[in-house]
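Dumped coords-v7.txt below, it's compact mmCIF, N, CA and C atoms:
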# COMPACT_ATOMS: atom_id res chain seq x y z
N MET A 535 -43.37 28.18 2.72
CA MET A 535 -42.53 27.23 3.40
C MET A 535 -42.46 25.95 2.57
N THR A 536 -41.23 25.48 2.36
CA THR A 536 -41.02 24.27 1.58
C THR A 536 -40.68 23.12 2.51
N VAL A 537 -41.31 22.01 2.31
CA VAL A 537 -41.06 20.83 3.12
C VAL A 537 -40.31 19.82 2.26
N VAL A 538 -39.18 19.37 2.77
CA VAL A 538 -38.38 18.37 2.06
C VAL A 538 -38.53 17.06 2.78
N ARG A 539 -38.88 16.07 2.06
CA ARG A 539 -39.01 14.74 2.65
C ARG A 539 -37.87 13.86 2.17
N GLN A 540 -37.36 13.10 3.06
CA GLN A 540 -36.30 12.17 2.69
C GLN A 540 -36.92 10.85 2.29
N ALA A 541 -36.45 10.35 1.21
CA ALA A 541 -36.92 9.04 0.77
C ALA A 541 -35.91 8.02 1.24
N SER A 542 -36.35 6.94 1.75
CA SER A 542 -35.44 5.89 2.16
C SER A 542 -35.93 4.56 1.61
N PHE A 543 -34.99 3.72 1.28
CA PHE A 543 -35.34 2.40 0.79
C PHE A 543 -34.20 1.45 1.16
N LYS A 544 -34.51 0.21 1.20
CA LYS A 544 -33.53 -0.81 1.56
C LYS A 544 -33.34 -1.73 0.37
N VAL A 545 -32.10 -2.13 0.21
CA VAL A 545 -31.79 -3.08 -0.86
C VAL A 545 -31.33 -4.36 -0.17
N GLY A 546 -31.95 -5.42 -0.51
CA GLY A 546 -31.57 -6.70 0.08
C GLY A 546 -30.57 -7.41 -0.81
N LEU A 547 -29.54 -7.92 -0.20
CA LEU A 547 -28.52 -8.66 -0.94
C LEU A 547 -28.33 -9.99 -0.24
N VAL A 548 -28.58 -11.05 -0.95
CA VAL A 548 -28.43 -12.37 -0.37
C VAL A 548 -27.19 -13.01 -0.97
N VAL A 549 -26.26 -13.38 -0.11
CA VAL A 549 -25.01 -13.98 -0.55
C VAL A 549 -24.83 -15.29 0.21
N SER A 550 -24.54 -16.32 -0.54
CA SER A 550 -24.32 -17.61 0.13
C SER A 550 -22.98 -17.57 0.86
N PRO A 551 -22.84 -18.38 1.90
CA PRO A 551 -21.56 -18.43 2.62
C PRO A 551 -20.38 -18.78 1.71
N ARG A 552 -20.61 -19.66 0.74
CA ARG A 552 -19.53 -20.05 -0.17
C ARG A 552 -19.10 -18.87 -1.03
N THR A 553 -20.06 -18.10 -1.56
CA THR A 553 -19.74 -16.93 -2.37
C THR A 553 -18.99 -15.89 -1.55
N LEU A 554 -19.44 -15.66 -0.33
CA LEU A 554 -18.78 -14.72 0.56
C LEU A 554 -17.35 -15.17 0.85
N PHE A 555 -17.16 -16.44 1.14
CA PHE A 555 -15.82 -16.98 1.41
C PHE A 555 -14.90 -16.80 0.20
N CYS A 556 -15.42 -17.12 -0.99
CA CYS A 556 -14.61 -16.98 -2.20
C CYS A 556 -14.23 -15.52 -2.46
N ALA A 557 -15.17 -14.62 -2.26
CA ALA A 557 -14.89 -13.20 -2.48
C ALA A 557 -13.84 -12.68 -1.50
N LEU A 558 -13.99 -13.03 -0.23
CA LEU A 558 -13.01 -12.59 0.78
C LEU A 558 -11.65 -13.22 0.55
N SER A 559 -11.61 -14.48 0.17
CA SER A 559 -10.34 -15.14 -0.11
C SER A 559 -9.62 -14.48 -1.27
N THR A 560 -10.36 -14.12 -2.30
CA THR A 560 -9.77 -13.45 -3.46
C THR A 560 -9.20 -12.10 -3.06
N LEU A 561 -9.96 -11.33 -2.31
CA LEU A 561 -9.47 -10.02 -1.86
C LEU A 561 -8.25 -10.17 -0.97
N LEU A 562 -8.27 -11.12 -0.07
CA LEU A 562 -7.14 -11.34 0.83
C LEU A 562 -5.92 -11.78 0.05
N PHE A 563 -6.08 -12.65 -0.95
CA PHE A 563 -4.96 -13.11 -1.77
C PHE A 563 -4.34 -11.94 -2.52
N ILE A 564 -5.18 -11.08 -3.09
CA ILE A 564 -4.67 -9.92 -3.82
C ILE A 564 -3.93 -8.99 -2.87
N ALA A 565 -4.48 -8.77 -1.69
CA ALA A 565 -3.84 -7.88 -0.73
C ALA A 565 -2.51 -8.44 -0.26
N CYS A 566 -2.40 -9.75 -0.14
CA CYS A 566 -1.17 -10.36 0.35
C CYS A 566 -0.10 -10.47 -0.73
N THR A 567 -0.49 -10.65 -1.98
CA THR A 567 0.51 -10.85 -3.02
C THR A 567 0.80 -9.60 -3.83
N ASP A 568 -0.13 -8.67 -3.87
CA ASP A 568 0.09 -7.47 -4.65
C ASP A 568 1.17 -6.62 -3.98
N GLY A 569 2.12 -6.15 -4.75
CA GLY A 569 3.17 -5.32 -4.18
C GLY A 569 4.38 -6.09 -3.68
N VAL A 570 4.35 -7.42 -3.72
CA VAL A 570 5.52 -8.19 -3.31
C VAL A 570 6.50 -8.13 -4.46
N GLN A 571 7.45 -7.26 -4.34
CA GLN A 571 8.40 -7.02 -5.42
C GLN A 571 9.80 -7.20 -4.85
N PRO A 572 10.55 -8.18 -5.35
CA PRO A 572 11.92 -8.31 -4.86
C PRO A 572 12.72 -7.07 -5.20
N HIS A 573 13.66 -6.72 -4.34
CA HIS A 573 14.52 -5.58 -4.62
C HIS A 573 15.94 -5.86 -4.15
N ILE A 574 16.90 -5.28 -4.84
CA ILE A 574 18.32 -5.45 -4.52
C ILE A 574 18.83 -4.15 -3.92
N ASP A 575 19.41 -4.25 -2.71
CA ASP A 575 20.00 -3.09 -2.05
C ASP A 575 21.52 -3.05 -2.23
N ALA A 576 22.15 -4.22 -2.30
CA ALA A 576 23.61 -4.29 -2.43
C ALA A 576 24.01 -5.67 -2.92
N ILE A 577 25.19 -5.73 -3.51
CA ILE A 577 25.81 -7.01 -3.86
C ILE A 577 27.20 -6.99 -3.23
N ILE A 578 27.50 -8.03 -2.45
CA ILE A 578 28.76 -8.09 -1.71
C ILE A 578 29.51 -9.35 -2.13
N PRO A 579 30.73 -9.21 -2.61
CA PRO A 579 31.43 -7.96 -2.92
C PRO A 579 30.84 -7.30 -4.16
N ALA A 580 31.25 -6.05 -4.40
CA ALA A 580 30.70 -5.27 -5.51
C ALA A 580 31.26 -5.70 -6.86
N SER A 581 32.32 -6.50 -6.84
CA SER A 581 32.89 -7.02 -8.09
C SER A 581 33.48 -8.39 -7.81
N GLY A 582 33.70 -9.16 -8.87
CA GLY A 582 34.27 -10.49 -8.70
C GLY A 582 34.48 -11.16 -10.04
N HIS A 583 35.03 -12.35 -9.97
CA HIS A 583 35.29 -13.14 -11.17
C HIS A 583 34.16 -14.14 -11.39
N ALA A 584 34.07 -14.64 -12.61
CA ALA A 584 33.14 -15.73 -12.90
C ALA A 584 33.46 -16.90 -11.98
N GLY A 585 32.45 -17.51 -11.42
CA GLY A 585 32.63 -18.62 -10.50
C GLY A 585 32.67 -18.22 -9.04
N ASP A 586 32.85 -16.91 -8.74
CA ASP A 586 32.85 -16.44 -7.35
C ASP A 586 31.44 -16.50 -6.77
N LEU A 587 31.36 -16.68 -5.46
CA LEU A 587 30.08 -16.60 -4.76
C LEU A 587 29.88 -15.16 -4.30
N VAL A 588 28.68 -14.62 -4.54
CA VAL A 588 28.35 -13.28 -4.08
C VAL A 588 27.04 -13.31 -3.31
N HIS A 589 26.89 -12.34 -2.41
CA HIS A 589 25.68 -12.21 -1.61
C HIS A 589 24.87 -11.05 -2.15
N ILE A 590 23.64 -11.30 -2.53
CA ILE A 590 22.73 -10.26 -2.97
C ILE A 590 21.85 -9.92 -1.78
N ILE A 591 21.95 -8.66 -1.32
CA ILE A 591 21.20 -8.21 -0.16
C ILE A 591 20.02 -7.38 -0.65
N GLY A 592 18.85 -7.62 -0.08
CA GLY A 592 17.66 -6.87 -0.50
C GLY A 592 16.45 -7.34 0.27
N GLY A 593 15.38 -7.63 -0.46
CA GLY A 593 14.17 -8.05 0.23
C GLY A 593 13.19 -8.77 -0.66
N ASP A 594 12.27 -9.46 -0.01
CA ASP A 594 11.21 -10.25 -0.65
C ASP A 594 11.77 -11.36 -1.53
N PHE A 595 12.84 -12.01 -1.05
CA PHE A 595 13.44 -13.13 -1.78
C PHE A 595 12.89 -14.47 -1.29
N ASP A 596 12.33 -14.52 -0.09
CA ASP A 596 11.92 -15.78 0.53
C ASP A 596 10.63 -16.29 -0.08
N THR A 597 10.75 -16.89 -1.26
CA THR A 597 9.59 -17.41 -1.98
C THR A 597 9.91 -18.80 -2.49
N THR A 598 8.99 -19.38 -3.20
CA THR A 598 9.20 -20.74 -3.67
C THR A 598 10.16 -20.82 -4.85
N THR A 599 10.18 -19.81 -5.71
CA THR A 599 11.03 -19.84 -6.89
C THR A 599 11.84 -18.57 -6.98
N VAL A 600 13.17 -18.69 -6.91
CA VAL A 600 14.06 -17.54 -7.04
C VAL A 600 15.06 -17.84 -8.13
N GLU A 601 15.17 -16.91 -9.08
CA GLU A 601 16.16 -17.00 -10.15
C GLU A 601 16.94 -15.69 -10.17
N VAL A 602 18.22 -15.79 -10.50
CA VAL A 602 19.08 -14.60 -10.58
C VAL A 602 19.80 -14.64 -11.92
N SER A 603 19.85 -13.48 -12.57
CA SER A 603 20.60 -13.42 -13.83
C SER A 603 21.60 -12.27 -13.79
N PHE A 604 22.75 -12.51 -14.40
CA PHE A 604 23.82 -11.53 -14.55
C PHE A 604 23.94 -11.26 -16.04
N GLY A 605 23.57 -10.08 -16.48
CA GLY A 605 23.67 -9.76 -17.89
C GLY A 605 22.91 -10.73 -18.78
N GLY A 606 21.81 -11.27 -18.29
CA GLY A 606 21.00 -12.21 -19.06
C GLY A 606 21.40 -13.66 -18.90
N TYR A 607 22.53 -13.93 -18.22
CA TYR A 607 22.97 -15.31 -17.99
C TYR A 607 22.49 -15.75 -16.61
N GLU A 608 21.86 -16.92 -16.55
CA GLU A 608 21.34 -17.43 -15.28
C GLU A 608 22.48 -17.82 -14.34
N ALA A 609 22.36 -17.41 -13.08
CA ALA A 609 23.34 -17.74 -12.05
C ALA A 609 22.86 -18.95 -11.27
N ARG A 610 23.80 -19.72 -10.76
CA ARG A 610 23.45 -20.86 -9.89
C ARG A 610 23.15 -20.31 -8.50
N VAL A 611 21.92 -20.56 -8.03
CA VAL A 611 21.51 -20.10 -6.70
C VAL A 611 21.97 -21.13 -5.67
N VAL A 612 22.74 -20.67 -4.69
CA VAL A 612 23.29 -21.54 -3.66
C VAL A 612 22.39 -21.57 -2.43
N GLN A 613 21.91 -20.38 -2.02
CA GLN A 613 21.08 -20.29 -0.82
C GLN A 613 20.14 -19.09 -0.93
N VAL A 614 18.92 -19.27 -0.40
CA VAL A 614 17.93 -18.19 -0.42
C VAL A 614 17.42 -17.96 1.00
N GLN A 615 17.41 -16.70 1.40
CA GLN A 615 16.80 -16.27 2.65
C GLN A 615 15.91 -15.08 2.31
N ALA A 616 15.13 -14.61 3.27
CA ALA A 616 14.19 -13.51 3.01
C ALA A 616 14.90 -12.26 2.50
N ARG A 617 16.10 -11.96 3.03
CA ARG A 617 16.79 -10.73 2.66
C ARG A 617 18.16 -10.97 2.03
N ARG A 618 18.48 -12.23 1.68
CA ARG A 618 19.78 -12.52 1.12
C ARG A 618 19.70 -13.72 0.18
N VAL A 619 20.37 -13.60 -0.96
CA VAL A 619 20.50 -14.71 -1.89
C VAL A 619 21.99 -14.86 -2.18
N ILE A 620 22.49 -16.09 -2.07
CA ILE A 620 23.89 -16.36 -2.40
C ILE A 620 23.91 -17.08 -3.74
N VAL A 621 24.68 -16.53 -4.69
CA VAL A 621 24.74 -17.08 -6.03
C VAL A 621 26.17 -17.16 -6.52
N GLU A 622 26.36 -17.97 -7.56
CA GLU A 622 27.65 -18.07 -8.23
C GLU A 622 27.61 -17.21 -9.49
N VAL A 623 28.61 -16.36 -9.66
CA VAL A 623 28.67 -15.50 -10.85
C VAL A 623 28.85 -16.39 -12.08
N PRO A 624 27.98 -16.23 -13.08
CA PRO A 624 28.08 -17.08 -14.28
C PRO A 624 29.37 -16.84 -15.07
N LYS A 625 29.74 -17.83 -15.82
CA LYS A 625 30.92 -17.73 -16.69
C LYS A 625 30.56 -16.94 -17.94
N LYS A 626 31.56 -16.62 -18.77
CA LYS A 626 31.40 -15.92 -20.04
C LYS A 626 31.01 -14.45 -19.87
N LEU A 627 31.28 -13.85 -18.74
CA LEU A 627 30.94 -12.46 -18.52
C LEU A 627 32.18 -11.65 -18.17
N SER A 628 32.17 -10.38 -18.53
CA SER A 628 33.19 -9.45 -18.05
C SER A 628 32.65 -8.04 -18.18
N GLY A 629 33.15 -7.17 -17.34
CA GLY A 629 32.70 -5.79 -17.34
C GLY A 629 31.47 -5.58 -16.49
N LEU A 630 30.82 -4.44 -16.71
CA LEU A 630 29.65 -4.06 -15.93
C LEU A 630 28.41 -4.77 -16.47
N VAL A 631 27.72 -5.53 -15.61
CA VAL A 631 26.53 -6.27 -16.04
C VAL A 631 25.38 -6.00 -15.06
N PRO A 632 24.15 -5.96 -15.56
CA PRO A 632 23.00 -5.79 -14.68
C PRO A 632 22.62 -7.13 -14.03
N VAL A 633 22.33 -7.07 -12.75
CA VAL A 633 21.89 -8.25 -12.00
C VAL A 633 20.41 -8.06 -11.68
N VAL A 634 19.62 -9.12 -11.92
CA VAL A 634 18.18 -9.07 -11.70
C VAL A 634 17.77 -10.32 -10.92
N VAL A 635 16.90 -10.13 -9.92
CA VAL A 635 16.34 -11.25 -9.15
C VAL A 635 14.88 -11.40 -9.54
N THR A 636 14.47 -12.63 -9.85
CA THR A 636 13.07 -12.94 -10.11
C THR A 636 12.59 -13.87 -9.00
N ALA A 637 11.56 -13.44 -8.28
CA ALA A 637 11.01 -14.24 -7.18
C ALA A 637 9.53 -14.47 -7.46
N ASP A 638 9.17 -15.72 -7.69
CA ASP A 638 7.79 -16.10 -8.00
C ASP A 638 7.21 -15.25 -9.13
N GLY A 639 8.01 -15.01 -10.15
CA GLY A 639 7.55 -14.28 -11.32
C GLY A 639 7.65 -12.77 -11.22
N HIS A 640 7.96 -12.24 -10.03
CA HIS A 640 8.13 -10.79 -9.85
C HIS A 640 9.60 -10.44 -10.03
N VAL A 641 9.88 -9.43 -10.85
CA VAL A 641 11.26 -9.10 -11.22
C VAL A 641 11.70 -7.83 -10.51
N SER A 642 12.92 -7.89 -9.95
CA SER A 642 13.50 -6.72 -9.29
C SER A 642 14.00 -5.73 -10.33
N GLY A 643 14.33 -4.57 -9.88
CA GLY A 643 15.06 -3.63 -10.72
C GLY A 643 16.49 -4.13 -10.88
N ALA A 644 17.17 -3.67 -11.91
CA ALA A 644 18.54 -4.11 -12.15
C ALA A 644 19.51 -3.42 -11.19
N PHE A 645 20.55 -4.14 -10.82
CA PHE A 645 21.61 -3.62 -9.95
C PHE A 645 22.93 -3.98 -10.63
N ASP A 646 23.82 -3.01 -10.78
CA ASP A 646 25.06 -3.25 -11.52
C ASP A 646 26.10 -4.01 -10.70
N PHE A 647 26.82 -4.89 -11.37
CA PHE A 647 27.89 -5.69 -10.78
C PHE A 647 29.05 -5.72 -11.77
N TRP A 648 30.26 -5.56 -11.27
CA TRP A 648 31.44 -5.58 -12.13
C TRP A 648 32.06 -6.98 -12.12
N VAL A 649 32.11 -7.60 -13.30
CA VAL A 649 32.76 -8.91 -13.44
C VAL A 649 34.17 -8.67 -13.95
N ASP A 650 35.15 -9.02 -13.11
CA ASP A 650 36.56 -8.84 -13.47
C ASP A 650 36.96 -9.83 -14.55
N ASP A 651 37.89 -9.41 -15.39
CA ASP A 651 38.45 -10.32 -16.39
C ASP A 651 39.15 -11.45 -15.65
N PRO A 652 39.21 -12.64 -16.23
CA PRO A 652 39.94 -13.73 -15.58
C PRO A 652 41.42 -13.36 -15.48
N PRO A 653 42.06 -13.81 -14.41
CA PRO A 653 43.47 -13.49 -14.25
C PRO A 653 44.30 -14.12 -15.37
N LEU A 654 45.34 -13.39 -15.77
CA LEU A 654 46.23 -13.93 -16.79
C LEU A 654 47.06 -15.06 -16.19
N VAL A 655 47.20 -16.12 -16.93
CA VAL A 655 47.99 -17.25 -16.46
C VAL A 655 49.38 -17.10 -17.04
N ASP A 656 50.34 -17.01 -16.15
CA ASP A 656 51.73 -16.88 -16.59
C ASP A 656 52.29 -18.27 -16.81
N GLY A 657 52.68 -18.52 -18.04
CA GLY A 657 53.22 -19.83 -18.40
C GLY A 657 54.63 -20.07 -17.90
N GLY A 658 55.22 -19.03 -17.32
CA GLY A 658 56.58 -19.18 -16.80
C GLY A 658 57.62 -18.96 -17.90
N PRO A 659 58.91 -19.06 -17.53
CA PRO A 659 59.97 -18.83 -18.51
C PRO A 659 60.13 -19.92 -19.52

For the structure just supplied, provide its representation as structure tokens.
Amino acid sequence: MTVVRQASFKVGLVVSPRTLFCALSTLLFIACTDGVQPHIDAIIPASGHAGDLVHIIGGDFDTTTVEVSFGGYEARVVQVQARRVIVEVPKKLSGLVPVVVTADGHVSGAFDFWVDDPPLVDGGP
């Protein structure tokens, strides 16, 4: 007959309240900020001219710093809400351009937007 004995021991860990607070705060900060990624679901209207106002619909836009670029050109941000950003289409663009939202350093995936050529001005007869 074989007798198996269990060994048990205790490990003492002394943590100051300040260290515990700092550790929990760090974990909570990571849990709250990790995964906050802005995303674009739609741009309304789907096409427009330079200077037009468009609504970018998506999520995680309600932050302290929001920037929007069309084909690498920065757009003027008019209004920011949690799920909507209103911007002015930058000048010097035409054709299909990628739109990207950056919110507090986090960058969305690109969403395509069609920038129409400026209308031809008829000089008359």

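Of the listed residues A:Ile577, A:Leu630, A:Ala644, A:Val570, the one whose atoms come nearest to Asp596 in chain A is A:Val570, with distances taken using only C-alpha atoms.
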
If I wrap all listed atoms of range 618-631 of chain A in a box with edges along x, y and z and add 8 Å on each side, what are its centre and edge lengths in Å to one decimal, as lines of an AutoDock Vina configuration file?
center_x = 25.8
center_y = -11.1
center_z = -9.2
size_x = 30.7
size_y = 30.0
size_z = 37.7

| task | List every protein, DNA or RNA residue that has an atom no more than 6 Å from (28.3, -14.3, -9.9) in the file's coordinate frame, counting only C-alpha atoms, and report them as a ChimeraX atom specification. | result | /A:584,586-588,621-624

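If you look at CA of Lys626 in chain A and atom N of His589 in chain A, they are 18.5 Å away from each other.
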
| task | Just the residues within 7 Å of Phe647 in chain A, please, counting only C-alpha atoms, with nothing from its chain fewer than 6 positions along; format it as an NGL selection string. | result | :A and (580-581 or 630-633)

| task | Work out how far apart CA of Gly629 in chain A and CA of Val612 in chain A are and give it in Å to one decimal. | result | 22.9 Å

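Distance-wise, atom N of Ala609 in chain A and CA of Gln571 in chain A end up 19.0 Å apart.
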